[in-house]
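Structure file my_file28.txt (compact mmCIF, C-alpha atoms and all ligand atoms) follows.
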# COMPACT_ATOMS: atom_id res chain seq x y z
CA MET Q 7 11.44 19.19 91.94
CA THR Q 8 12.60 18.68 88.37
CA SER Q 9 10.17 17.99 85.60
CA ARG Q 10 12.10 14.79 84.89
CA TRP Q 11 11.46 13.68 88.42
CA MET Q 12 7.80 14.56 88.16
CA ALA Q 13 7.49 12.54 84.97
CA MET Q 14 9.12 9.57 86.67
CA ALA Q 15 7.00 10.00 89.75
CA ALA Q 16 3.84 10.16 87.67
CA GLY Q 17 4.85 7.00 85.83
CA ALA Q 18 5.73 5.27 89.02
CA THR Q 19 2.45 6.32 90.62
CA MET Q 20 0.57 4.65 87.81
CA ILE Q 21 2.56 1.50 88.28
CA GLY Q 22 1.97 1.72 92.02
CA ALA Q 23 -1.76 2.15 91.53
CA LEU Q 24 -1.87 -0.74 89.09
CA ALA Q 25 0.05 -2.92 91.46
CA ALA Q 26 -2.36 -2.02 94.22
CA CYS Q 27 -5.34 -2.86 91.99
CA GLY Q 28 -3.94 -6.26 91.22
CA GLY Q 29 -2.82 -6.90 94.76
CA SER Q 30 -4.61 -9.53 96.72
CA GLY Q 31 -2.29 -9.62 99.73
CA ALA Q 32 -2.52 -7.59 102.87
CA GLY Q 33 -0.30 -5.11 101.16
CA GLY Q 34 -2.71 -3.84 98.53
CA ALA Q 35 -1.68 -0.69 100.26
CA GLY Q 36 -4.32 1.92 100.47
CA ALA Q 37 -4.93 2.65 96.82
CA GLY Q 38 -7.78 0.21 97.04
CA GLY Q 39 -8.55 -0.49 93.41
CA GLY Q 40 -10.22 -3.55 91.91
CA GLY Q 41 -13.23 -3.49 94.16
CA GLU Q 42 -11.20 -3.93 97.34
CA GLU Q 43 -12.05 -1.73 100.28
CA PRO Q 44 -9.34 0.89 100.70
CA GLN Q 45 -7.32 0.04 103.76
CA SER Q 46 -6.92 2.81 106.28
CA ILE Q 47 -3.62 3.47 108.03
CA GLU Q 48 -5.17 2.30 111.30
CA ASP Q 49 -5.54 -1.17 109.77
CA MET Q 50 -1.98 -1.34 108.54
CA THR Q 51 1.14 -2.81 110.08
CA VAL Q 52 4.60 -1.66 109.17
CA GLY Q 53 7.43 -4.16 109.66
CA VAL Q 54 10.60 -2.37 110.69
CA ALA Q 55 13.83 -4.41 110.40
CA MET Q 56 16.83 -2.81 112.10
CA PRO Q 57 20.34 -4.32 112.03
CA THR Q 58 21.55 -4.29 115.62
CA GLU Q 59 21.15 -3.02 119.13
CA THR Q 60 24.87 -2.95 119.79
CA SER Q 61 25.03 0.59 118.42
CA GLU Q 62 23.04 3.42 120.00
CA ARG Q 63 22.44 4.83 116.59
CA TRP Q 64 20.22 1.95 115.52
CA ILE Q 65 18.39 1.83 118.83
CA ALA Q 66 17.58 5.51 118.37
CA ASP Q 67 16.50 4.92 114.77
CA GLY Q 68 14.25 2.03 115.83
CA ALA Q 69 12.65 4.08 118.60
CA ALA Q 70 12.14 7.13 116.39
CA VAL Q 71 10.63 5.14 113.52
CA GLU Q 72 8.37 3.19 115.86
CA SER Q 73 7.02 6.21 117.71
CA GLN Q 74 6.50 8.29 114.59
CA LEU Q 75 4.74 5.43 112.79
CA GLU Q 76 2.47 4.96 115.80
CA GLU Q 77 1.71 8.67 115.86
CA ALA Q 78 0.69 8.40 112.23
CA GLY Q 79 -1.72 5.59 113.21
CA PHE Q 80 0.16 2.48 112.02
CA GLU Q 81 0.71 -0.71 113.98
CA VAL Q 82 4.43 -1.44 114.21
CA ASP Q 83 6.41 -4.68 114.24
CA LEU Q 84 9.97 -3.57 115.15
CA GLN Q 85 12.81 -6.13 115.13
CA PHE Q 86 16.56 -5.90 115.67
CA ALA Q 87 18.74 -8.64 114.16
CA ASN Q 88 21.86 -8.62 116.33
CA ASP Q 89 24.01 -8.02 113.22
CA ASP Q 90 23.25 -11.59 112.13
CA ILE Q 91 22.16 -12.03 108.51
CA PRO Q 92 20.03 -15.22 108.93
CA THR Q 93 18.26 -13.58 111.88
CA GLN Q 94 17.34 -10.59 109.77
CA GLN Q 95 16.15 -12.82 106.92
CA GLN Q 96 13.98 -14.76 109.35
CA GLN Q 97 12.57 -11.63 110.93
CA ILE Q 98 11.52 -10.25 107.55
CA ASP Q 99 10.00 -13.62 106.55
CA GLN Q 100 7.96 -13.52 109.74
CA MET Q 101 6.84 -9.95 109.21
CA ILE Q 102 5.49 -10.97 105.81
CA THR Q 103 3.78 -14.09 107.21
CA LYS Q 104 2.19 -12.06 109.98
CA GLY Q 105 0.68 -9.72 107.38
CA ALA Q 106 2.89 -6.64 107.25
CA ASP Q 107 1.51 -4.08 104.80
CA ILE Q 108 4.71 -2.07 104.35
CA LEU Q 109 8.37 -2.87 105.16
CA ILE Q 110 11.11 -0.50 106.32
CA VAL Q 111 14.48 -2.26 106.20
CA ALA Q 112 17.95 -1.22 107.36
CA SER Q 113 19.92 -4.18 106.06
CA ILE Q 114 22.96 -5.83 107.61
CA ASP Q 115 24.30 -7.14 104.31
CA GLY Q 116 22.90 -5.15 101.41
CA THR Q 117 22.87 -8.15 99.10
CA ALA Q 118 21.37 -10.83 101.34
CA LEU Q 119 17.65 -10.02 101.28
CA ALA Q 120 16.60 -10.66 97.69
CA ASN Q 121 14.45 -13.73 98.53
CA GLN Q 122 12.63 -11.98 101.36
CA LEU Q 123 11.94 -8.93 99.25
CA LYS Q 124 10.69 -11.04 96.37
CA ALA Q 125 8.19 -12.66 98.72
CA ALA Q 126 7.13 -9.21 99.89
CA ALA Q 127 6.77 -7.90 96.36
CA ASN Q 128 4.64 -10.91 95.43
CA GLN Q 129 2.17 -9.64 98.02
CA ASP Q 130 2.48 -6.02 96.85
CA ILE Q 131 4.16 -4.95 100.05
CA PRO Q 132 6.03 -1.71 99.39
CA ILE Q 133 9.65 -1.83 100.56
CA ILE Q 134 11.50 1.19 101.90
CA ALA Q 135 15.28 0.83 102.30
CA TYR Q 136 16.32 2.70 105.43
CA ASP Q 137 19.75 4.38 105.47
CA ARG Q 138 21.44 1.44 103.72
CA LEU Q 139 20.54 0.55 100.14
CA ILE Q 140 19.49 -3.04 99.40
CA ASN Q 141 21.29 -4.33 96.33
CA GLY Q 142 20.69 -6.82 93.55
CA THR Q 143 16.90 -6.75 93.58
CA GLU Q 144 14.11 -4.98 91.69
CA ASN Q 145 12.09 -5.09 94.85
CA VAL Q 146 13.09 -1.90 96.59
CA ASP Q 147 10.56 0.86 96.07
CA HIS Q 148 12.13 3.79 97.86
CA TYR Q 149 15.28 4.72 99.78
CA VAL Q 150 15.63 7.21 102.63
CA THR Q 151 19.16 8.14 103.65
CA PHE Q 152 21.69 10.92 104.05
CA ASP Q 153 23.93 12.21 101.31
CA ASN Q 154 26.46 9.47 101.93
CA TYR Q 155 29.17 10.78 99.60
CA GLN Q 156 28.93 14.15 101.36
CA VAL Q 157 29.26 12.41 104.75
CA GLY Q 158 32.60 11.05 103.48
CA VAL Q 159 33.65 14.51 102.32
CA GLN Q 160 32.85 15.79 105.81
CA GLN Q 161 34.89 12.98 107.39
CA GLY Q 162 37.91 13.81 105.24
CA THR Q 163 37.43 17.51 105.91
CA SER Q 164 37.19 17.01 109.66
CA LEU Q 165 40.46 15.03 109.64
CA LEU Q 166 42.16 17.85 107.70
CA ARG Q 167 40.76 20.36 110.19
CA GLY Q 168 42.01 18.33 113.13
CA LEU Q 169 45.48 18.24 111.62
CA GLY Q 170 45.38 22.00 111.03
CA VAL Q 171 45.61 21.69 107.22
CA LEU Q 172 42.18 23.34 106.90
CA ASP Q 173 40.65 25.95 109.19
CA GLU Q 174 37.11 25.84 110.58
CA ASN Q 175 35.80 27.42 107.37
CA GLY Q 176 37.43 24.72 105.29
CA GLU Q 177 40.11 27.11 103.99
CA GLU Q 178 43.70 25.93 103.61
CA THR Q 179 46.01 27.20 106.33
CA GLY Q 180 49.25 26.61 104.41
CA GLU Q 181 50.27 23.92 106.95
CA GLU Q 182 52.39 21.46 104.97
CA GLY Q 183 53.03 18.62 107.37
CA PRO Q 184 53.98 16.00 106.52
CA PHE Q 185 51.36 14.33 108.69
CA ALA Q 186 51.26 10.59 109.23
CA ILE Q 187 47.73 9.21 108.91
CA GLU Q 188 46.04 5.83 108.62
CA LEU Q 189 42.73 5.08 106.94
CA PHE Q 190 39.76 2.97 108.05
CA ALA Q 191 36.59 2.15 106.09
CA GLY Q 192 33.29 0.58 107.13
CA SER Q 193 31.80 -2.86 106.58
CA PRO Q 194 32.42 -4.17 103.06
CA ASP Q 195 28.86 -5.53 102.76
CA ASP Q 196 27.23 -2.16 103.56
CA ASN Q 197 26.48 -0.15 100.42
CA ASN Q 198 27.23 3.09 102.30
CA THR Q 199 30.85 2.11 102.91
CA ALA Q 200 32.02 2.89 99.38
CA PHE Q 201 30.18 6.23 99.38
CA PHE Q 202 31.76 7.33 102.68
CA TRP Q 203 35.15 6.12 101.47
CA GLN Q 204 34.94 7.84 98.10
CA GLY Q 205 33.90 11.16 99.61
CA ALA Q 206 36.72 10.99 102.14
CA ILE Q 207 39.46 9.83 99.80
CA ASP Q 208 38.53 12.40 97.15
CA THR Q 209 38.97 15.03 99.86
CA LEU Q 210 42.29 13.65 101.12
CA GLN Q 211 43.84 12.62 97.78
CA PRO Q 212 45.28 16.04 96.80
CA TYR Q 213 47.13 16.14 100.13
CA LEU Q 214 48.35 12.55 99.73
CA ASP Q 215 49.59 13.46 96.25
CA SER Q 216 51.39 16.58 97.45
CA GLY Q 217 52.99 14.83 100.41
CA VAL Q 218 51.18 16.84 103.11
CA LEU Q 219 49.69 13.49 104.20
CA GLU Q 220 51.52 10.17 104.33
CA VAL Q 221 50.18 6.67 105.00
CA ALA Q 222 53.09 4.67 106.42
CA SER Q 223 51.32 1.33 106.04
CA GLY Q 224 50.73 2.03 102.36
CA GLN Q 225 47.15 0.78 102.85
CA THR Q 226 45.26 3.31 100.76
CA GLU Q 227 42.77 1.11 98.90
CA MET Q 228 39.32 0.62 100.38
CA ASP Q 229 39.57 -3.17 100.20
CA GLN Q 230 42.66 -3.04 102.43
CA VAL Q 231 41.04 -0.99 105.18
CA THR Q 232 37.42 -2.16 105.61
CA THR Q 233 36.03 -3.22 109.01
CA LEU Q 234 33.57 -6.12 108.90
CA ARG Q 235 30.24 -5.29 110.68
CA TRP Q 236 31.70 -1.91 111.69
CA SER Q 237 33.19 -3.72 114.69
CA GLN Q 238 34.97 -1.67 117.36
CA GLU Q 239 37.09 -4.67 118.38
CA THR Q 240 38.16 -5.39 114.81
CA ALA Q 241 39.18 -1.75 114.38
CA GLN Q 242 41.11 -1.75 117.67
CA LYS Q 243 42.99 -4.87 116.61
CA ARG Q 244 43.85 -3.45 113.18
CA MET Q 245 45.08 -0.21 114.78
CA GLU Q 246 47.24 -2.21 117.21
CA ASP Q 247 48.72 -4.18 114.33
CA LEU Q 248 49.39 -1.02 112.34
CA LEU Q 249 51.15 0.58 115.31
CA THR Q 250 53.32 -2.47 115.84
CA ALA Q 251 54.22 -2.83 112.19
CA HIS Q 252 54.71 0.79 111.17
CA TYR Q 253 54.93 3.12 114.14
CA GLY Q 254 56.85 1.13 116.75
CA GLY Q 255 60.30 1.50 118.17
CA GLY Q 256 60.70 5.27 117.88
CA LYS Q 257 59.74 5.18 114.23
CA GLU Q 258 57.25 7.64 112.82
CA GLN Q 259 54.57 9.13 115.09
CA LEU Q 260 50.98 8.87 113.93
CA ASP Q 261 49.11 12.20 113.66
CA GLY Q 262 45.62 11.32 112.51
CA VAL Q 263 43.18 8.56 111.59
CA LEU Q 264 40.28 8.59 109.14
CA SER Q 265 37.48 6.71 110.85
CA PRO Q 266 34.05 6.20 109.24
CA TYR Q 267 32.00 5.56 112.40
CA ASP Q 268 32.16 6.41 116.11
CA GLY Q 269 32.37 2.79 117.30
CA ILE Q 270 35.40 2.28 115.05
CA SER Q 271 36.84 5.58 116.32
CA ARG Q 272 36.59 4.39 119.92
CA GLY Q 273 38.42 1.16 119.05
CA ILE Q 274 41.16 3.15 117.34
CA ILE Q 275 41.44 5.58 120.25
CA THR Q 276 41.72 2.73 122.78
CA ALA Q 277 44.56 1.19 120.77
CA LEU Q 278 46.33 4.54 120.58
CA GLN Q 279 45.93 5.27 124.28
CA ASN Q 280 47.15 1.77 125.18
CA ALA Q 281 50.20 2.36 122.99
CA GLY Q 282 51.07 5.43 125.04
CA TYR Q 283 49.99 8.21 122.70
CA GLY Q 284 48.38 10.13 125.59
CA ASP Q 285 44.86 10.47 126.88
CA THR Q 286 43.80 13.54 124.90
CA ILE Q 287 44.68 15.26 121.63
CA GLU Q 288 46.46 17.90 123.67
CA ASP Q 289 48.60 15.15 125.23
CA GLY Q 290 49.58 13.81 121.80
CA LEU Q 291 46.70 11.54 120.87
CA PRO Q 292 46.23 11.54 117.05
CA VAL Q 293 43.09 13.24 115.75
CA THR Q 294 40.28 10.89 114.75
CA SER Q 295 37.11 11.47 112.73
CA GLY Q 296 33.83 9.60 113.21
CA GLN Q 297 30.15 9.36 112.37
CA ASP Q 298 26.76 9.15 114.10
CA ALA Q 299 27.24 11.48 117.09
CA GLU Q 300 26.98 8.49 119.45
CA ILE Q 301 26.84 9.77 123.01
CA ALA Q 302 30.04 7.99 124.12
CA SER Q 303 31.91 9.72 121.30
CA VAL Q 304 30.25 13.09 121.87
CA LYS Q 305 31.66 12.99 125.40
CA LEU Q 306 35.09 12.08 123.98
CA ILE Q 307 34.85 15.06 121.62
CA ASP Q 308 33.75 17.31 124.46
CA THR Q 309 36.76 16.22 126.51
CA GLY Q 310 39.33 16.55 123.71
CA VAL Q 311 39.83 12.82 123.02
CA GLN Q 312 38.07 12.26 119.67
CA PHE Q 313 38.33 15.19 117.26
CA ALA Q 314 35.05 15.05 115.32
CA THR Q 315 31.96 13.11 114.35
CA ILE Q 316 29.29 13.54 111.70
CA PHE Q 317 25.80 14.25 112.98
CA LYS Q 318 23.03 12.58 111.03
CA ASP Q 319 19.75 13.44 112.72
CA THR Q 320 18.05 10.05 112.94
CA ARG Q 321 14.78 11.73 113.95
CA LYS Q 322 14.64 13.39 110.54
CA LEU Q 323 15.46 10.12 108.80
CA ALA Q 324 12.65 8.45 110.73
CA THR Q 325 10.27 11.22 109.67
CA GLN Q 326 11.26 10.69 106.06
CA ALA Q 327 10.66 6.94 106.33
CA VAL Q 328 7.28 7.46 107.97
CA GLU Q 329 6.23 9.97 105.30
CA ALA Q 330 7.25 7.44 102.67
CA ALA Q 331 5.14 4.79 104.42
CA GLU Q 332 2.17 7.17 104.53
CA SER Q 333 2.53 7.86 100.80
CA PHE Q 334 2.58 4.16 100.00
CA ALA Q 335 -0.41 3.64 102.28
CA LYS Q 336 -2.33 6.13 100.14
CA GLY Q 337 -1.19 4.41 96.96
CA GLU Q 338 1.09 7.33 96.11
CA ASP Q 339 4.82 7.50 95.50
CA PRO Q 340 6.96 9.08 98.19
CA GLU Q 341 8.86 12.27 97.52
CA ALA Q 342 12.38 11.70 96.17
CA ASN Q 343 15.13 14.28 95.70
CA ASP Q 344 17.66 11.98 94.02
CA THR Q 345 16.73 9.64 91.19
CA GLU Q 346 20.21 9.08 89.79
CA THR Q 347 22.77 8.11 92.40
CA TYR Q 348 21.56 4.91 93.99
CA ASP Q 349 21.80 2.17 91.39
CA ASN Q 350 21.46 -1.16 93.19
CA GLY Q 351 22.58 -3.24 90.22
CA LYS Q 352 18.99 -3.92 89.11
CA LYS Q 353 17.48 -0.45 89.13
CA VAL Q 354 18.09 3.12 90.22
CA VAL Q 355 16.18 3.42 93.46
CA PRO Q 356 14.43 6.77 93.99
CA ALA Q 357 15.92 8.26 97.12
CA PHE Q 358 15.38 11.05 99.57
CA LEU Q 359 18.73 12.33 100.87
CA LEU Q 360 19.13 14.37 104.06
CA GLU Q 361 22.06 16.58 105.03
CA SER Q 362 24.59 15.98 107.78
CA ASP Q 363 26.90 18.21 109.86
CA ILE Q 364 30.45 18.04 111.19
CA VAL Q 365 30.49 18.12 115.01
CA VAL Q 366 33.59 19.29 116.90
CA ALA Q 367 33.87 20.36 120.55
CA GLU Q 368 32.80 23.93 119.78
CA ASN Q 369 29.46 23.11 118.18
CA ILE Q 370 28.20 20.25 120.35
CA GLU Q 371 25.88 22.67 122.08
CA PRO Q 372 24.19 24.34 119.11
CA LEU Q 373 23.95 21.17 117.01
CA LEU Q 374 23.27 18.42 119.52
CA VAL Q 375 22.07 19.96 122.77
CA ASP Q 376 19.93 22.86 121.51
CA SER Q 377 18.23 20.52 119.02
CA GLY Q 378 17.36 18.14 121.86
CA TYR Q 379 19.34 15.24 120.33
CA TRP Q 380 21.35 14.85 123.53
CA THR Q 381 20.99 16.76 126.81
CA ALA Q 382 23.95 18.53 128.40
CA GLU Q 383 23.79 15.94 131.21
CA GLU Q 384 24.00 13.07 128.75
CA VAL Q 385 27.01 14.67 127.05
CA GLU Q 386 28.70 15.01 130.40
CA ALA Q 387 27.89 11.44 131.40
CA GLY Q 388 28.70 9.98 127.98
CA GLN Q 389 25.48 7.97 128.24
CA GLY Q 390 21.95 8.31 126.98
CA ASP Q 391 18.97 8.16 129.31
C1 LIG Q 401 26.09 2.78 108.19
C2 LIG Q 401 25.41 4.04 108.60
C3 LIG Q 401 26.30 4.81 109.52
C4 LIG Q 401 26.75 3.94 110.69
C5 LIG Q 401 27.23 2.60 110.24
C6 LIG Q 401 27.49 1.66 111.40
O1 LIG Q 401 25.30 2.08 107.30
O2 LIG Q 401 25.08 4.84 107.49
O3 LIG Q 401 25.63 5.95 109.99
O4 LIG Q 401 25.69 3.81 111.58
O5 LIG Q 401 26.33 2.01 109.34
O6 LIG Q 401 26.33 1.35 112.09

Written as structure tokens, that's how I'd like the structure from this file.
Ligand code: GAL
Amino acid sequence: MTSRWMAMAAGATMIGALAACGGSGAGGAGAGGGGEEPQSIEDMTVGVAMPTETSERWIADGAAVESQLEEAGFEVDLQFANDDIPTQQQQIDQMITKGADILIVASIDGTALANQLKAAANQDIPIIAYDRLINGTENVDHYVTFDNYQVGVQQGTSLLRGLGVLDENGEETGEEGPFAIELFAGSPDDNNTAFFWQGAIDTLQPYLDSGVLEVASGQTEMDQVTTLRWSQETAQKRMEDLLTAHYGGGKEQLDGVLSPYDGISRGIITALQNAGYGDTIEDGLPVTSGQDAEIASVKLIDTGVQFATIFKDTRKLATQAVEAAESFAKGEDPEANDTETYDNGKKVVPAFLLESDIVVAENIEPLLVDSGYWTAEEVEAGQGD
């Protein structure tokens, strides 16, 4: 911990304690100044707003956060918003009305919650942004996430490994291509999208510049390649259109695709298989990256269909969020290990960043099975329990 961080934390703790003293709402969390009885964790409810149940990742996050909060003694109000912004706004409004003491929020659109969070702040309810930063508001107290730029670097690296430009240690092999690739980015309203993109494109750019990699569509700007709501169908459609426009009729063969998320990867792979590229990488299917180690994609990796994913252990993220909630409940500031990167336009939000890993067929077992994230049976079935 740097002394700068400690100074900031100390300052912030004072502000936190003052806020708690002045707080009259249910969220005078724990610090219990101003003659109020300190609230114990057992009397506190944490509202947990998750974006969607259409992705396993968020179901797992919701379950992990809920169970770990309950273990810590909190009551939990867990809601999923079906990737619909008004639904998420309404759910958070209701959490506040029902007396939530702390909020943990994984936003759908990082800019759409300012009103809700203002209402929460007015009642001194601490707000923890979960995985996705919430933008354009002072009212975010802490952020738990992974090192999102590094996730992008790992995505770019895994694509280069799949193409054989880098070896498994990340060393250049001398392979010069040229390889035909296409690029996909995540949802434009998710703050993480630009971080993943930047990490990936910084990794790929030297090879684009030297001609080892070529993008036949010419679509190399993030704004040209985003995928609203991270939708698998949208990605499949864009891949189909790219194939028709740039790779049809015996023209160039595609070799690889940068994909920022497993659902998008599966859409891309379906389009490629339908276009006759083959069922597996060995049969000629282009190599595709991913993210989240979703079980359907882990099976595809295990069977040589998708090349790689990035494993972000959602159990650890949940632990970090719960520890942050416990700190707020005691009137303290949660531990942060990054107080510079995540500027939301109104403030730099203190963040705790976790590390992620590249998963390819060879390390599914040590990374995912041995750690208990997925069982060997689930990997084989391509389905969680
Ligand atoms: C991002 C998240 C990724 C992935 C994606 C689609 O915000 O960081 O891990 O889950 O959303 O859900």

task: Within 6 Å of ligand LIG 401 (chain Q), which residues show up when you count all atoms listed in the file? List them as a PyMOL selection string, please.
output: chain Q and resi 137-138+196+198+236+267+298

- prompt: Within 9 Å of Asp49 (chain Q), counting all atoms listed in the file, which residues qualify if same-chain residues fewer than 5 places away don't, as a list in words?
  reply: Gly79, Phe80 and Glu81 of chain Q

Next, dump the selected residues to file, keeping only C-alpha atoms, as a short mmCIF file (atom, residue, chain, number, x, y, z; two decimals), in the coordinates of the input.
data_model
loop_
_atom_site.label_atom_id
_atom_site.label_comp_id
_atom_site.auth_asym_id
_atom_site.auth_seq_id
_atom_site.Cartn_x
_atom_site.Cartn_y
_atom_site.Cartn_z
CA GLY Q 79 -1.72 5.59 113.21
CA PHE Q 80 0.16 2.48 112.02
CA GLU Q 81 0.71 -0.71 113.98
#

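Relative to CA of Lys305 (chain Q), CA of Arg321 (chain Q) is found at 20.4 Å.
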
task: One decimal, Å: what's the distance from CA of Val171 (chain Q) over to CA of Asp363 (chain Q), could you say?
output: 19.2 Å

query: Given the choices Q:Thr309, Q:Asn197, Q:Asn175, Q:Asn154, which gets closest to Asp115 (chain Q) if the distance is worked out from all atoms listed in the file?
result: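 The answer is Q:Asn197, which sits nearest to Asp115 (chain Q).
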
Nearest-residue call for Leu210 (chain Q), choices Q:Val365, Q:Val263, Q:Val54, Q:Ala357, using all atoms listed in the file: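 Between Q:Val365, Q:Val263, Q:Val54, Q:Ala357, the residue approaching Leu210 (chain Q) most closely is Q:Val263.
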
query: For Gln297 (chain Q), which residue among Q:Val221, Q:Val385, Q:Val157, Q:Ala367 is the nearest when counting all atoms listed in the file?
result: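 Selected residue with least distance to Gln297 (chain Q): Q:Val157.
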
field: Distance in Å - CA of Thr315 (chain Q) versus CA of Ala299 (chain Q)
entry: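 So the two atoms, CA of Thr315 (chain Q) and CA of Ala299 (chain Q), lie 5.7 Å apart.
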
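Considering only C-alpha atoms, the residue among Q:Glu386, Q:Asp107, Q:Glu329, Q:Glu181 positioned nearest to Val304 (chain Q) is Q:Glu386.
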
message: Counting only C-alpha atoms, which residues sit no farther than 12 Å from the position (3.4, 7.8, 100.8) in the file's frame? I'd like them as a PyMOL selection string.
response: chain Q and resi 15+19+22+35-37+47+78+108+132-134+147-148+325-342

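Residue neighbourhood of Gly176 (chain Q), excluding near-sequence residues (fewer than 3 positions): Q:Thr163, Q:Ser164, Q:Leu166, Q:Arg167, Q:Val171, Q:Leu172, Q:Asp173, Q:Thr179, at 10 Å, using all atoms listed in the file.
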
task: Select, from Q:Ala70, Q:Thr117, Q:Val231, Q:Met50, the residue with the minimum atom-to-atom distance to Gly105 (chain Q), counting all atoms listed in the file.
output: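 Among the listed residues, Q:Met50 lies closest to Gly105 (chain Q).
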
query: Which is closest to Lys353 (chain Q) among Q:Ile91, Q:Asp130, Q:Asp67, Q:Leu139, if we use all atoms listed in the file?
result: Q:Leu139

- request: For Ile275 (chain Q), list every protein, DNA or RNA residue within 10 Å, evaluated using all atoms listed in the file, and leave out those in the same chain fewer than 6 positions away; present the list as a PyMOL selection string.
  value: chain Q and resi 241-242+245+263+269+281+283-286+291-294+306+311-312

message: Neighbouring residues of Asn145 (chain Q) were defined as those with any atom within 9 Å, considering only C-alpha atoms; residues of the same chain fewer than 3 positions away were excluded. Please report them as a ChimeraX atom specification.
response: /Q:120,123-124,126-127,132-133,140,142

Residues from last step as file, C-alpha atoms, as a compact mmCIF listing (two decimals), in the frame of the given file:
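Result file part12.txt:
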# COMPACT_ATOMS: atom_id res chain seq x y z
CA ALA Q 120 16.60 -10.66 97.69
CA LEU Q 123 11.94 -8.93 99.25
CA LYS Q 124 10.69 -11.04 96.37
CA ALA Q 126 7.13 -9.21 99.89
CA ALA Q 127 6.77 -7.90 96.36
CA PRO Q 132 6.03 -1.71 99.39
CA ILE Q 133 9.65 -1.83 100.56
CA ILE Q 140 19.49 -3.04 99.40
CA GLY Q 142 20.69 -6.82 93.55

- request: Show which residues sit within 7 Å of Ser193 (chain Q), as an NGL selection string. Count all atoms listed in the file, and ignore same-chain residues fewer than 3 positions away.
  value: :Q and (196 or 199 or 232-236)
